[in-house]
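S.K.: This is the structure I have questions about; it appears just below.
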Amino acid sequence: MEPNSVDRIVAYRLGIRQMDQTRWWEQEIPIGGPIQKGQLLTYNLTELIKPESYLVRLTPITRYGEGDASERTITYSAPVNPHLREFHCSFEEEALCSFSQDKSDEFDWIRQSGTKEGTTYTPNTGPSSDHTGSSQGFYMFIETSRPRLEGDKARLMSPTFNINTKSVSSSSASKNPTYCFTFYYHMFGKHIGALNIFLRLKGQMLTDTLIWSLTGNQGNYWQQARVNIHPTTTFQVVMEGVRGSGIEGNIAIDDVTIEEGECKDSPSNNLKSFASQPTYYVCLLYVSQSLVLIGWER
């Protein structure tokens, strides 16, 4: 946190041990210059065996000796449907098809069926049923009543998928596979904010690229959106609801599908993909076939 208040770190000693073994493997990682406040350092290990777990130990070294070591256990999480061909989620099960809430946003998406008893209901906004018309069917929505504020965001993240490289022929090995991302949305109310869809690529750094967006009141009915996505590596789809200027701004989504191949018969209201620059995030700890380690500052 305050690198100028302590002895300058000249190297880190990295130790790694497979959890079911006693032998440590160690390597010294030199630091080329002073570490700046808030700077994150990365180091890749490419010899890990999945799905084994590892204990990682990182020790800072100064010209006067070693500092306190930090340890962390690294586990391998296999992607859902590792070679994606088709994925569908209608949110009928509480497990949400392995969708997860983003813990860095302001509030969460809520699983709902119709005007479910015991749930806060705001009139003049939101659906009364899922997209099939069933009041018993489930969907996900954002509740924009108090204490929510304008601009608050709720992000729902899909499972992690590996691209299906087998679908790419040898004659077009440089071409990445295309997938059709389809979902239903309901955006009714005079205070509707925005619904944004991001493609999150998971390499050494996380990159979020906006691929679809819609703002404002779209009427009291479900509509379908489709967009072609072209991931180049392991990926997720992030669905972001943004709170508008008031409480009549509930946004709902339902029946999310990802299928191999380009979208066919796209609806007339489908929006084109965005070509905006991706937003970069630093991945703290991420294991696929390589391990990214963060240098802990002193």
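If you're wondering about the labels, chains in the structure tokens are A, B, ... by order shown, residues count from 1 in each chain, ligands from 1 in order shown.
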Write out as an MDAnalysis selection string each polymer residue whose atoms come within 10 Å of stretch 54-63 of chain A, counting only C-alpha atoms; drop sequence neighbours fewer than 5 positions from it.

M.R.: chainID A and resid 6:21 24:31 48:49 68:76 293:298

S.K.: For the structure I just gave you, how does DSSP split stretch 51-251 of chain A - specifically, which residues are helix (DSSP H, G or I)? Reply as a VMD selection string.

M.R.: chain A and resid 96 to 98 165 to 167 170 to 172

S.K.: Next, dump the selected residues to file, keeping only N, CA, C and O atoms, as a short mmCIF file (atom, residue, chain, number, x, y, z; two decimals), in the first residue's frame.

M.R.:
data_model
loop_
_atom_site.label_atom_id
_atom_site.label_comp_id
_atom_site.auth_asym_id
_atom_site.auth_seq_id
_atom_site.Cartn_x
_atom_site.Cartn_y
_atom_site.Cartn_z
N LEU A 96 -30.17 -20.94 -11.18
CA LEU A 96 -30.00 -19.94 -12.24
C LEU A 96 -29.05 -20.38 -13.34
O LEU A 96 -28.39 -19.53 -13.97
N CYS A 97 -28.97 -21.71 -13.57
CA CYS A 97 -28.11 -22.24 -14.64
C CYS A 97 -26.67 -21.78 -14.48
O CYS A 97 -25.94 -21.60 -15.46
N SER A 98 -26.23 -21.58 -13.24
CA SER A 98 -24.87 -21.14 -12.90
C SER A 98 -24.61 -19.68 -13.25
O SER A 98 -23.44 -19.25 -13.26
N THR A 165 -13.16 -24.74 -30.54
CA THR A 165 -12.18 -24.63 -31.62
C THR A 165 -12.34 -25.71 -32.68
O THR A 165 -11.88 -25.57 -33.79
N LYS A 166 -13.03 -26.80 -32.33
CA LYS A 166 -13.24 -27.87 -33.30
C LYS A 166 -14.14 -27.44 -34.44
O LYS A 166 -14.18 -28.05 -35.50
N SER A 167 -14.93 -26.37 -34.20
CA SER A 167 -15.84 -25.91 -35.25
C SER A 167 -15.12 -25.11 -36.32
O SER A 167 -15.69 -24.77 -37.34
N SER A 170 -9.48 -26.38 -40.68
CA SER A 170 -8.05 -26.12 -40.81
C SER A 170 -7.76 -25.05 -41.85
O SER A 170 -6.77 -24.34 -41.76
N SER A 171 -8.64 -24.90 -42.86
CA SER A 171 -8.43 -23.89 -43.89
C SER A 171 -8.73 -22.49 -43.38
O SER A 171 -8.36 -21.51 -44.01
N SER A 172 -9.43 -22.40 -42.23
CA SER A 172 -9.75 -21.08 -41.67
C SER A 172 -9.40 -21.05 -40.20
O SER A 172 -10.17 -20.61 -39.38
#

S.K.: State, in Å with one decimal place, the distance from atom CA of A:Pro177 to atom CA of A:Arg85.

M.R.: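 Pair atom CA of A:Pro177 / atom CA of A:Arg85 returns 10.3 Å.
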
S.K.: To one decimal place in Å, what is the distance between atom CA of A:Thr215 and atom CA of A:Met187?

M.R.: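 Going from atom CA of A:Thr215 over to atom CA of A:Met187, I get 8.4 Å.
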
S.K.: Between A:Thr234, A:Ser134, A:Thr178, A:Thr125, which has the minimum distance to A:Gly216 (counting only C-alpha atoms)?

M.R.: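 Checking each candidate against A:Gly216, we get A:Thr125 as the closest.
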
S.K.: Give me the residues near A:Gly189 as a PyMOL selection string, where near means some atom within 8 Å (using only C-alpha atoms) and where sequence neighbours in that chain fewer than 5 positions away do not count.

M.R.: chain A and resi 124-126+217+219-220+248-250

S.K.: Taking only C-alpha atoms into account, name the residue in A:Asp254, A:Asp208, A:Glu106, A:Glu66 that is nearest to A:Asp152.

M.R.: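 Smallest distance to A:Asp152 is found for A:Glu106.
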
S.K.: With distances taken over only C-alpha atoms, which of A:Lys202, A:Gly33, A:Arg226, A:Gly65 is nearest to A:Thr160?

M.R.: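 Checking each of A:Lys202, A:Gly33, A:Arg226, A:Gly65 against A:Thr160, counting only C-alpha atoms, the winner is A:Lys202.
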
S.K.: Taking only C-alpha atoms into account, which of A:Gln236, A:Gln39, A:Asn228, A:Thr182 comes nearest A:Gly203?

M.R.: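 Ranking A:Gln236, A:Gln39, A:Asn228, A:Thr182 by distance to A:Gly203, first place goes to A:Gln236.
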
S.K.: Return the single residue from A:Phe99, A:Tyr179, A:Tyr185, A:Phe107 that is closest to A:Ile163, with distances computed using only C-alpha atoms.

M.R.: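 That would be A:Tyr179, the residue with the smallest distance to A:Ile163.
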
S.K.: Counting only C-alpha atoms, figure out which residue out of A:His230, A:Lys153, A:Lys37, A:Lys103 gets nearest to A:Ser5.

M.R.: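 Result for the nearest residue to A:Ser5: A:Lys37.
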